[in-house]
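input_36.cif follows; it contains mmCIF, C-alpha atoms and all ligand atoms.
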data_my_file
#
loop_
_atom_site.label_atom_id
_atom_site.label_comp_id
_atom_site.auth_asym_id
_atom_site.auth_seq_id
_atom_site.Cartn_x
_atom_site.Cartn_y
_atom_site.Cartn_z
CA MET K 1 2.86 15.72 -19.66
CA ASN K 2 1.26 12.55 -18.44
CA ALA K 3 0.51 13.81 -14.94
CA HIS K 4 -1.47 11.27 -12.97
CA PRO K 5 -4.84 12.55 -11.71
CA GLY K 6 -3.74 11.61 -8.18
CA ALA K 7 -0.33 13.26 -8.55
CA LEU K 8 0.50 15.30 -5.51
CA ALA K 9 0.50 19.07 -5.85
CA PRO K 10 3.13 20.50 -3.50
CA GLN K 11 0.99 23.12 -1.77
CA THR K 12 2.34 24.12 1.61
CA SER K 13 0.32 25.28 4.61
CA PRO K 14 1.39 26.38 8.11
CA THR K 15 1.04 22.78 9.34
CA SER K 16 2.97 21.21 6.44
CA MET K 17 5.85 18.90 7.25
CA ILE K 18 8.98 20.28 5.57
CA ASP K 19 12.24 18.44 6.17
CA PRO K 20 15.70 20.06 6.56
CA PHE K 21 16.30 19.68 2.82
CA GLY K 22 13.13 21.55 1.86
CA ARG K 23 11.21 18.41 0.86
CA MET K 24 7.53 18.40 1.80
CA VAL K 25 6.32 15.15 3.34
CA SER K 26 2.93 14.31 1.87
CA TYR K 27 3.05 10.53 1.58
CA LEU K 28 2.78 8.06 4.47
CA ARG K 29 3.41 4.36 4.08
CA VAL K 30 2.00 2.27 6.87
CA SER K 31 3.12 -1.27 7.53
CA VAL K 32 0.03 -2.65 9.28
CA THR K 33 1.63 -6.00 10.14
CA ASP K 34 5.04 -7.64 9.83
CA ARG K 35 3.35 -11.01 9.19
CA CYS K 36 2.81 -12.53 5.81
CA ASP K 37 1.37 -15.67 4.25
CA PHE K 38 4.35 -15.85 1.81
CA ARG K 39 8.08 -16.05 2.50
CA CYS K 40 9.61 -14.45 -0.61
CA THR K 41 13.28 -15.41 -0.69
CA TYR K 42 14.57 -11.85 -1.21
CA CYS K 43 12.34 -10.46 1.55
CA MET K 44 12.26 -12.96 4.42
CA ALA K 45 14.10 -15.91 5.86
CA GLU K 46 12.20 -19.20 5.76
CA LYS K 47 11.84 -19.25 9.53
CA MET K 48 10.90 -15.77 10.64
CA THR K 49 10.30 -14.60 14.17
CA PHE K 50 7.43 -12.17 14.05
CA LEU K 51 6.68 -9.44 16.56
CA PRO K 52 4.63 -10.35 19.62
CA LYS K 53 1.03 -9.20 19.07
CA LYS K 54 1.17 -6.98 22.18
CA ASP K 55 3.80 -4.79 20.50
CA LEU K 56 1.50 -3.95 17.61
CA LEU K 57 -0.53 -0.79 17.48
CA THR K 58 -4.24 -1.49 17.57
CA LEU K 59 -6.20 -0.53 14.47
CA GLU K 60 -7.64 2.40 16.43
CA GLU K 61 -4.12 3.59 17.29
CA LEU K 62 -3.09 3.25 13.66
CA GLU K 63 -6.13 5.29 12.67
CA ARG K 64 -5.27 8.01 15.21
CA LEU K 65 -1.72 8.23 13.89
CA CYS K 66 -2.86 8.34 10.27
CA SER K 67 -5.31 11.13 11.15
CA ALA K 68 -2.50 13.08 12.82
CA PHE K 69 -0.41 12.79 9.65
CA ILE K 70 -3.35 13.79 7.47
CA GLY K 71 -3.79 16.86 9.68
CA LYS K 72 -0.15 17.67 8.94
CA GLY K 73 -0.44 17.55 5.18
CA VAL K 74 -0.27 13.86 4.22
CA LYS K 75 -2.32 13.45 1.05
CA LYS K 76 -1.57 9.87 0.18
CA ILE K 77 -1.49 6.78 2.39
CA ARG K 78 -0.31 3.36 1.28
CA LEU K 79 -1.04 0.37 3.49
CA THR K 80 1.59 -2.29 3.23
CA GLY K 81 3.37 -4.84 5.37
CA GLY K 82 4.08 -7.78 5.65
CA GLU K 83 0.87 -8.63 3.91
CA PRO K 84 -1.70 -5.96 4.79
CA LEU K 85 -4.67 -8.17 3.98
CA VAL K 86 -3.69 -10.80 6.56
CA ARG K 87 -4.07 -8.34 9.45
CA HIS K 88 -7.20 -9.27 11.38
CA ASN K 89 -10.03 -6.78 10.74
CA ILE K 90 -7.90 -4.68 8.40
CA MET K 91 -11.04 -3.49 6.58
CA HIS K 92 -11.91 -1.50 9.71
CA LEU K 93 -8.88 0.73 9.07
CA VAL K 94 -9.46 0.75 5.30
CA ARG K 95 -13.03 1.96 5.78
CA ALA K 96 -11.98 4.66 8.26
CA LEU K 97 -9.31 5.98 5.89
CA GLY K 98 -11.66 5.60 2.93
CA ASP K 99 -14.01 8.04 4.70
CA LYS K 100 -11.16 10.57 4.66
CA VAL K 101 -10.84 10.15 0.90
CA ARG K 102 -14.57 10.75 0.54
CA SER K 103 -14.37 13.89 2.71
CA GLY K 104 -11.44 15.17 0.62
CA GLU K 105 -8.98 15.20 3.55
CA LEU K 106 -6.95 12.49 1.83
CA GLU K 107 -6.33 12.37 -1.91
CA GLU K 108 -5.53 8.71 -2.18
CA LEU K 109 -5.69 5.51 -0.17
CA THR K 110 -3.92 2.58 -1.71
CA LEU K 111 -2.20 -0.64 -0.79
CA THR K 112 0.59 -2.97 -1.80
CA THR K 113 -0.40 -6.61 -1.58
CA ASN K 114 0.80 -10.02 -2.64
CA GLY K 115 -2.72 -10.64 -3.94
CA SER K 116 -3.31 -13.86 -2.02
CA GLN K 117 -6.42 -12.53 -0.24
CA LEU K 118 -7.59 -10.15 -2.95
CA SER K 119 -10.49 -12.17 -4.32
CA ARG K 120 -12.01 -12.04 -0.83
CA TYR K 121 -11.53 -8.31 -0.30
CA ALA K 122 -11.61 -6.72 -3.78
CA SER K 123 -15.18 -5.41 -3.79
CA GLU K 124 -14.99 -4.17 -0.19
CA LEU K 125 -11.76 -2.33 -1.00
CA ALA K 126 -13.41 -0.68 -4.00
CA GLU K 127 -16.48 0.29 -1.95
CA SER K 128 -14.22 1.80 0.71
CA GLY K 129 -12.63 4.17 -1.81
CA VAL K 130 -9.49 2.29 -2.85
CA ARG K 131 -9.09 3.11 -6.52
CA ARG K 132 -5.76 1.52 -7.32
CA ILE K 133 -3.43 -1.00 -5.76
CA ASN K 134 -0.02 -2.55 -6.37
CA VAL K 135 0.10 -6.32 -6.64
CA SER K 136 3.50 -8.00 -6.38
CA VAL K 137 4.03 -10.77 -8.93
CA ASP K 138 7.60 -11.81 -9.74
CA THR K 139 6.85 -14.61 -12.20
CA LEU K 140 3.90 -16.05 -14.13
CA ASP K 141 5.26 -19.58 -13.94
CA PRO K 142 3.36 -21.39 -11.13
CA GLU K 143 6.34 -23.52 -10.10
CA LYS K 144 8.75 -20.61 -10.06
CA PHE K 145 6.14 -18.62 -8.16
CA ARG K 146 6.07 -21.33 -5.49
CA THR K 147 9.88 -21.30 -5.40
CA ILE K 148 10.28 -17.55 -4.98
CA THR K 149 7.43 -17.16 -2.44
CA ARG K 150 8.22 -20.55 -0.80
CA ILE K 151 4.45 -21.00 -0.15
CA GLY K 152 2.41 -18.95 -2.62
CA ASP K 153 -0.21 -20.21 -5.07
CA LEU K 154 -0.10 -18.19 -8.30
CA SER K 155 -3.63 -19.17 -9.33
CA LYS K 156 -5.06 -17.52 -6.17
CA VAL K 157 -3.17 -14.32 -6.94
CA LEU K 158 -4.42 -14.31 -10.53
CA GLU K 159 -7.99 -14.83 -9.27
CA GLY K 160 -7.45 -11.88 -6.95
CA ILE K 161 -6.26 -9.71 -9.83
CA ASP K 162 -9.37 -10.68 -11.83
CA ALA K 163 -11.61 -9.80 -8.88
CA ALA K 164 -9.92 -6.44 -8.33
CA GLN K 165 -10.20 -5.50 -12.00
CA LYS K 166 -13.85 -6.55 -11.98
CA ALA K 167 -14.40 -4.28 -8.97
CA GLY K 168 -12.93 -1.39 -10.98
CA ILE K 169 -9.64 -1.11 -9.09
CA GLY K 170 -6.64 -0.03 -11.17
CA ILE K 171 -3.67 -2.40 -10.77
CA LYS K 172 0.05 -1.95 -11.07
CA ILE K 173 2.13 -5.10 -11.10
CA ASN K 174 5.36 -4.91 -9.08
CA ALA K 175 8.14 -7.34 -9.95
CA VAL K 176 11.48 -7.51 -8.23
CA ALA K 177 14.11 -8.10 -10.94
CA LEU K 178 16.14 -11.16 -9.98
CA LYS K 179 19.19 -12.26 -11.91
CA ASP K 180 18.80 -15.64 -13.62
CA PHE K 181 15.32 -16.00 -12.13
CA ASN K 182 12.86 -13.73 -13.90
CA ASP K 183 15.05 -11.47 -16.08
CA ARG K 184 14.17 -13.34 -19.28
CA GLU K 185 10.50 -13.42 -18.26
CA ILE K 186 10.07 -9.66 -17.86
CA PRO K 187 9.16 -9.00 -21.53
CA GLY K 188 6.38 -11.62 -21.38
CA MET K 189 5.12 -10.35 -18.04
CA MET K 190 5.06 -6.83 -19.39
CA ARG K 191 3.02 -7.92 -22.43
CA TRP K 192 0.62 -9.73 -20.08
CA ALA K 193 0.26 -6.73 -17.75
CA HIS K 194 -0.13 -4.18 -20.52
CA GLY K 195 -2.52 -6.48 -22.39
CA ARG K 196 -4.79 -6.36 -19.33
CA GLY K 197 -4.53 -2.58 -18.95
CA MET K 198 -2.18 -2.77 -15.96
CA ASP K 199 1.00 -0.72 -15.47
CA MET K 200 4.06 -2.63 -14.41
CA THR K 201 7.06 -1.63 -12.32
CA VAL K 202 10.35 -3.46 -11.92
CA ILE K 203 12.33 -3.05 -8.70
CA GLU K 204 15.98 -3.58 -7.83
CA THR K 205 16.57 -5.80 -4.79
CA MET K 206 17.55 -3.81 -1.74
CA PRO K 207 19.84 -5.12 1.02
CA MET K 208 17.33 -5.19 3.87
CA GLY K 209 17.37 -7.81 6.61
CA GLU K 210 19.04 -11.20 6.87
CA ILE K 211 17.70 -13.68 4.33
CA ASP K 212 18.82 -17.22 3.56
CA GLU K 213 20.31 -16.33 0.17
CA ASP K 214 23.26 -14.36 -1.12
CA ARG K 215 21.99 -11.00 -2.33
CA THR K 216 24.86 -10.56 -4.75
CA ASP K 217 23.56 -13.59 -6.62
CA GLN K 218 20.07 -12.06 -6.89
CA TYR K 219 20.96 -8.48 -7.70
CA LEU K 220 20.22 -7.32 -11.23
CA PRO K 221 20.90 -3.65 -12.00
CA LEU K 222 17.91 -2.26 -13.89
CA SER K 223 20.24 -0.41 -16.25
CA VAL K 224 21.17 -3.89 -17.57
CA LEU K 225 17.51 -4.96 -17.79
CA ARG K 226 16.57 -1.75 -19.60
CA LYS K 227 19.32 -2.27 -22.16
CA SER K 228 18.12 -5.75 -22.93
CA LEU K 229 14.47 -4.60 -23.16
CA GLU K 230 15.55 -1.92 -25.62
CA GLU K 231 16.68 -4.67 -28.00
CA GLN K 232 13.02 -5.70 -28.33
CA PHE K 233 10.98 -2.63 -27.42
CA THR K 234 10.93 1.11 -28.01
CA LEU K 235 11.02 2.79 -24.61
CA GLU K 236 10.22 6.47 -24.35
CA ASP K 237 10.92 8.29 -21.06
CA ILE K 238 7.79 10.05 -19.81
CA GLY K 239 7.09 12.39 -16.92
CA PHE K 240 4.30 10.24 -15.47
CA ARG K 241 4.47 10.03 -11.65
CA THR K 242 2.34 8.32 -9.03
CA GLY K 243 3.86 10.02 -6.01
CA GLY K 244 6.35 7.16 -5.57
CA PRO K 245 9.96 6.73 -6.67
CA ALA K 246 9.31 4.96 -10.01
CA ARG K 247 10.49 6.58 -13.25
CA TYR K 248 8.31 5.56 -16.18
CA VAL K 249 8.71 4.80 -19.85
CA LYS K 250 6.01 4.29 -22.41
CA VAL K 251 6.43 1.08 -24.38
CA ALA K 252 5.52 1.78 -28.02
CA GLU K 253 4.83 -1.87 -28.91
CA THR K 254 2.38 -2.51 -26.04
CA GLY K 255 1.07 1.01 -25.47
CA GLY K 256 1.58 0.47 -21.70
CA ARG K 257 3.75 2.04 -19.03
CA LEU K 258 6.77 0.42 -17.41
CA GLY K 259 8.26 1.87 -14.24
CA PHE K 260 11.78 1.43 -12.91
CA ILE K 261 12.52 1.68 -9.19
CA THR K 262 16.28 1.93 -8.95
CA PRO K 263 17.42 2.57 -5.39
CA MET K 264 20.77 0.98 -6.17
CA THR K 265 21.76 2.32 -9.60
CA HIS K 266 20.01 5.68 -9.43
CA ASN K 267 19.38 7.21 -6.10
CA PHE K 268 15.93 8.84 -6.03
CA CYS K 269 16.27 10.46 -2.61
CA GLU K 270 16.38 14.08 -3.81
CA SER K 271 12.64 14.07 -4.46
CA CYS K 272 11.63 11.89 -1.49
CA ASN K 273 8.27 13.00 -0.10
CA ARG K 274 7.52 10.06 2.19
CA VAL K 275 7.99 8.58 5.64
CA ARG K 276 7.21 5.09 6.87
CA LEU K 277 5.30 4.00 9.94
CA THR K 278 5.67 0.45 11.23
CA CYS K 279 2.98 -1.61 12.91
CA THR K 280 4.63 -0.87 16.27
CA GLY K 281 4.37 2.89 15.77
CA THR K 282 8.01 3.45 14.86
CA LEU K 283 8.43 6.17 12.28
CA TYR K 284 11.30 5.71 9.84
CA MET K 285 12.17 8.88 8.01
CA CYS K 286 14.15 6.89 5.40
CA LEU K 287 13.76 3.30 4.19
CA GLY K 288 17.52 2.87 4.09
CA GLN K 289 18.58 4.41 7.42
CA ASN K 290 18.19 3.26 11.01
CA ASP K 291 17.19 6.55 12.65
CA ALA K 292 13.57 6.42 13.82
CA ALA K 293 11.04 7.98 16.20
CA ASP K 294 8.93 6.01 18.68
CA LEU K 295 5.44 7.40 18.16
CA ARG K 296 3.80 4.53 20.08
CA ALA K 297 5.26 5.82 23.34
CA VAL K 298 3.83 9.29 22.66
CA LEU K 299 0.50 7.86 21.55
CA ARG K 300 0.14 5.83 24.73
CA GLN K 301 1.35 8.62 27.00
CA THR K 302 -1.14 11.28 26.04
CA ASP K 303 -4.43 12.05 24.32
CA ASP K 304 -3.13 15.52 23.51
CA GLU K 305 -2.93 15.78 19.71
CA ALA K 306 -0.60 18.79 20.00
CA VAL K 307 2.02 16.65 21.77
CA LEU K 308 1.71 13.98 19.05
CA SER K 309 2.01 16.65 16.38
CA ALA K 310 5.17 18.04 18.02
CA ALA K 311 6.70 14.54 18.16
CA ILE K 312 6.03 14.14 14.43
CA ASP K 313 7.61 17.54 13.71
CA GLU K 314 10.68 16.56 15.70
CA ALA K 315 11.00 13.34 13.70
CA ILE K 316 10.66 15.14 10.37
CA SER K 317 13.42 17.53 11.43
CA ARG K 318 15.69 14.45 11.43
CA LYS K 319 14.76 13.17 7.95
CA PRO K 320 18.11 12.33 6.37
CA LYS K 321 19.22 13.39 2.93
CA GLY K 322 19.21 9.84 1.58
CA HIS K 323 20.17 6.20 1.87
CA ASP K 324 23.50 4.45 1.24
CA PHE K 325 22.54 1.07 -0.18
CA ILE K 326 25.41 -0.92 -1.67
CA ILE K 327 25.40 -4.54 -2.86
CA ASP K 328 28.74 -6.10 -3.71
CA ARG K 329 30.97 -8.89 -2.48
CA GLN K 330 32.66 -6.61 0.09
CA HIS K 331 29.32 -5.50 1.53
CA ASN K 332 27.63 -8.81 2.04
CA ARG K 333 25.78 -7.66 5.16
CA PRO K 334 22.37 -6.01 4.84
CA ALA K 335 22.58 -2.19 4.75
CA VAL K 336 19.81 -2.12 7.34
CA ALA K 337 19.12 -5.03 9.66
CA ARG K 338 15.33 -4.85 9.57
CA HIS K 339 13.45 -6.70 6.86
CA MET K 340 11.43 -4.87 4.22
CA SER K 341 8.34 -6.49 5.76
CA VAL K 342 8.93 -4.48 8.95
CA THR K 343 9.25 -1.04 7.36
CA GLY K 344 6.91 -1.81 4.49
CA GLY K 345 7.95 -1.79 0.82
N1 LIG K 401 3.33 -8.28 1.01
C1 LIG K 401 3.07 -7.20 0.14
C2 LIG K 401 3.69 -7.44 -1.23
O1 LIG K 401 4.50 -8.33 -1.37
O2 LIG K 401 3.31 -6.69 -2.12
C3 LIG K 401 3.49 -5.85 0.66
C4 LIG K 401 4.80 -5.77 1.39
S1 LIG K 401 6.25 -6.10 0.40
C5 LIG K 401 7.54 -5.85 1.58
C6 LIG K 401 6.29 -4.67 -0.66
C7 LIG K 401 7.16 -4.76 -1.86
O3 LIG K 401 8.51 -4.81 -1.45
C8 LIG K 401 6.92 -5.97 -2.74
O4 LIG K 401 6.71 -5.55 -4.07
C9 LIG K 401 8.18 -6.75 -2.63
O5 LIG K 401 8.47 -7.45 -3.81
C10 LIG K 401 9.20 -5.68 -2.33
N2 LIG K 401 10.39 -6.17 -1.62
C11 LIG K 401 10.48 -6.94 -0.53
N3 LIG K 401 11.77 -7.12 -0.15
C12 LIG K 401 12.52 -6.43 -1.04
C13 LIG K 401 13.92 -6.20 -1.19
N4 LIG K 401 14.80 -6.72 -0.36
N5 LIG K 401 14.31 -5.42 -2.23
C14 LIG K 401 13.41 -4.86 -3.08
N6 LIG K 401 12.09 -5.03 -2.98
C15 LIG K 401 11.65 -5.80 -1.98
FE1 LIG K 402 5.41 -11.27 2.10
FE2 LIG K 402 5.48 -9.22 0.45
FE3 LIG K 402 7.71 -9.96 1.75
FE4 LIG K 402 6.74 -11.53 -0.15
S1 LIG K 402 7.51 -9.45 -0.42
S2 LIG K 402 7.40 -12.19 1.89
S3 LIG K 402 4.59 -11.24 0.01
S4 LIG K 402 5.89 -9.15 2.65
#
Once you've parsed the file, please lay out its structure as structure tokens.
Ligand code: SAM
Ligand code: SF4
Amino acid sequence: MNAHPGALAPQTSPTSMIDPFGRMVSYLRVSVTDRCDFRCTYCMAEKMTFLPKKDLLTLEELERLCSAFIGKGVKKIRLTGGEPLVRHNIMHLVRALGDKVRSGELEELTLTTNGSQLSRYASELAESGVRRINVSVDTLDPEKFRTITRIGDLSKVLEGIDAAQKAGIGIKINAVALKDFNDREIPGMMRWAHGRGMDMTVIETMPMGEIDEDRTDQYLPLSVLRKSLEEQFTLEDIGFRTGGPARYVKVAETGGRLGFITPMTHNFCESCNRVRLTCTGTLYMCLGQNDAADLRAVLRQTDDEAVLSAAIDEAISRKPKGHDFIIDRQHNRPAVARHMSVTGG
């Protein structure tokens, strides 16, 4: 088996968070900001209203919440957003959580980024204990990149990837599969990623938040993409896991790994080990459901860690079995109203 060194061993302890379906929660995703320097068409509307700064948790509050989750068995934290690297002073939180990796309290600290600020932060991230990151790149064509991100400069992202690799950070490329946009480009992107020693994952678009486009036009089932890849490549299913929802294949021709994240065509909820914290301290127990817990109120009411811990337990007791995403012409409304940039991808 190709078990990843950072793969999570499900060891329970008296403080472990076990949901009503027996799943142990060991993975926390933290959206540190809802802001972003890109406006990807499948993620955001062109004119977004962002949260007022006063609603955001301070970095110290985020750190306190993360520590509470670590105390309750979280072994892996992913910082995301919005764009995590545009949050002012974000390295303060990265360094604090990196110390927990060094002390062994946390197994892994990682982040998902659009790469725009990576060349500036790569070495500091590596020094703080970040060993691998996900970088989202949907196309390697500079003009198409500008179109899909509405603002982004591909060359800056590629410089960031160079800097991160130079700093010794492992990279996985995330690409959202978009019909008639990048579907024909995926083989070339995969060769590029694998040629540089990077894993790659393709993601189905999820119906989250109002955007300016029609999601039915963008949606490409990965079962269709996989079929077309199999005309050119030999794909072998492997048991490799990174603690996330991707299912991996090994590509014989490139020697690299390709992951598929298929919330739409194959529901991965049965093995869900994660919860999501927003930058306002709202805890979502499922990416695709609206039920949530307001941890900011608890955090600001009391310094008593036991009260915070009880509020987290109560939230976990409401973790639902799964999501109900559907994209078709009859369901042209988003399944959940909030954008992915709020909950964190
Ligand atoms: N800004 C960072 C980035 O783009 O990597 C982190 C946040 S972004 C919301 C995290 C991931 O979610 C990205 O890989 C992005 O492509 C993906 N994403 C955003 N909206 C999505 C949607 N509606 N369906 C599927 N994936 C989405
Ligand atoms: Fe920003 Fe990431 Fe959303 Fe693109 S996918 S708009 S980079 S948060």
K:Thr58 proximity check over K:Ala306, K:Leu299, K:Leu85, K:Leu222, using only C-alpha atoms: winner is K:Leu299
Could you tell me how far atom CA of K:Leu283 sits from atom CA of K:Val86, in Å to one decimal place?
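Taking atom CA of K:Val86 and atom CA of K:Leu283, their separation equals 21.6 Å.
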At most 6 Å from (4.9, -4.3, -12.6), file frame, all atoms listed in the file: which residues, as a VMD selection string?
chain K and resid 172 to 175 200 to 202
Sorted by chain and rising residue number, which residues of chain K lie within 8 Å of ligand LIG 402 (chain K), and what are their closest atom pairs and distances in Å to one decimal, counting all atoms listed in the file, as a tab-separated table?
residue	atom	partner	partner_atom	distance
K:Asp34	CA	K:LIG402	S4	7.4
K:Arg35	CA	K:LIG402	S4	7.3
K:Cys36	CA	K:LIG402	FE1	4.7
K:Asp37	CA	K:LIG402	FE1	6.3
K:Phe38	CA	K:LIG402	FE1	4.7
K:Arg39	CA	K:LIG402	S2	4.0
K:Cys40	CA	K:LIG402	S2	4.0
K:Thr41	CA	K:LIG402	S2	7.2
K:Tyr42	CA	K:LIG402	S1	7.5
K:Cys43	CA	K:LIG402	FE3	4.7
K:Met44	CA	K:LIG402	S2	5.5
K:Gly81	CA	K:LIG402	S4	5.7
K:Gly82	CA	K:LIG402	S4	3.8
K:Glu83	CA	K:LIG402	S4	5.2
K:Thr113	CA	K:LIG402	FE2	6.7
K:Asn114	CA	K:LIG402	S3	4.8
K:Ser136	CA	K:LIG402	FE2	7.2
K:Thr149	CA	K:LIG402	FE4	6.1
K:Met340	CA	K:LIG402	FE3	6.8
K:Ser341	CA	K:LIG402	S4	4.8
K:Gly344	CA	K:LIG402	S4	7.6
K:Gly345	CA	K:LIG402	S1	7.8
Could you dump the residues just selected with C-alpha atoms as a compact mmCIF listing (two decimals), in the frame of the given file?
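File written: again-v2.txt
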# COMPACT_ATOMS: atom_id res chain seq x y z
CA ASP K 34 5.04 -7.64 9.83
CA ARG K 35 3.35 -11.01 9.19
CA CYS K 36 2.81 -12.53 5.81
CA ASP K 37 1.37 -15.67 4.25
CA PHE K 38 4.35 -15.85 1.81
CA ARG K 39 8.08 -16.05 2.50
CA CYS K 40 9.61 -14.45 -0.61
CA THR K 41 13.28 -15.41 -0.69
CA TYR K 42 14.57 -11.85 -1.21
CA CYS K 43 12.34 -10.46 1.55
CA MET K 44 12.26 -12.96 4.42
CA GLY K 81 3.37 -4.84 5.37
CA GLY K 82 4.08 -7.78 5.65
CA GLU K 83 0.87 -8.63 3.91
CA THR K 113 -0.40 -6.61 -1.58
CA ASN K 114 0.80 -10.02 -2.64
CA SER K 136 3.50 -8.00 -6.38
CA THR K 149 7.43 -17.16 -2.44
CA MET K 340 11.43 -4.87 4.22
CA SER K 341 8.34 -6.49 5.76
CA GLY K 344 6.91 -1.81 4.49
CA GLY K 345 7.95 -1.79 0.82
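Taking atom CA of K:Val101 and atom CA of K:Ile261 as the two end points, the separation is 26.8 Å.
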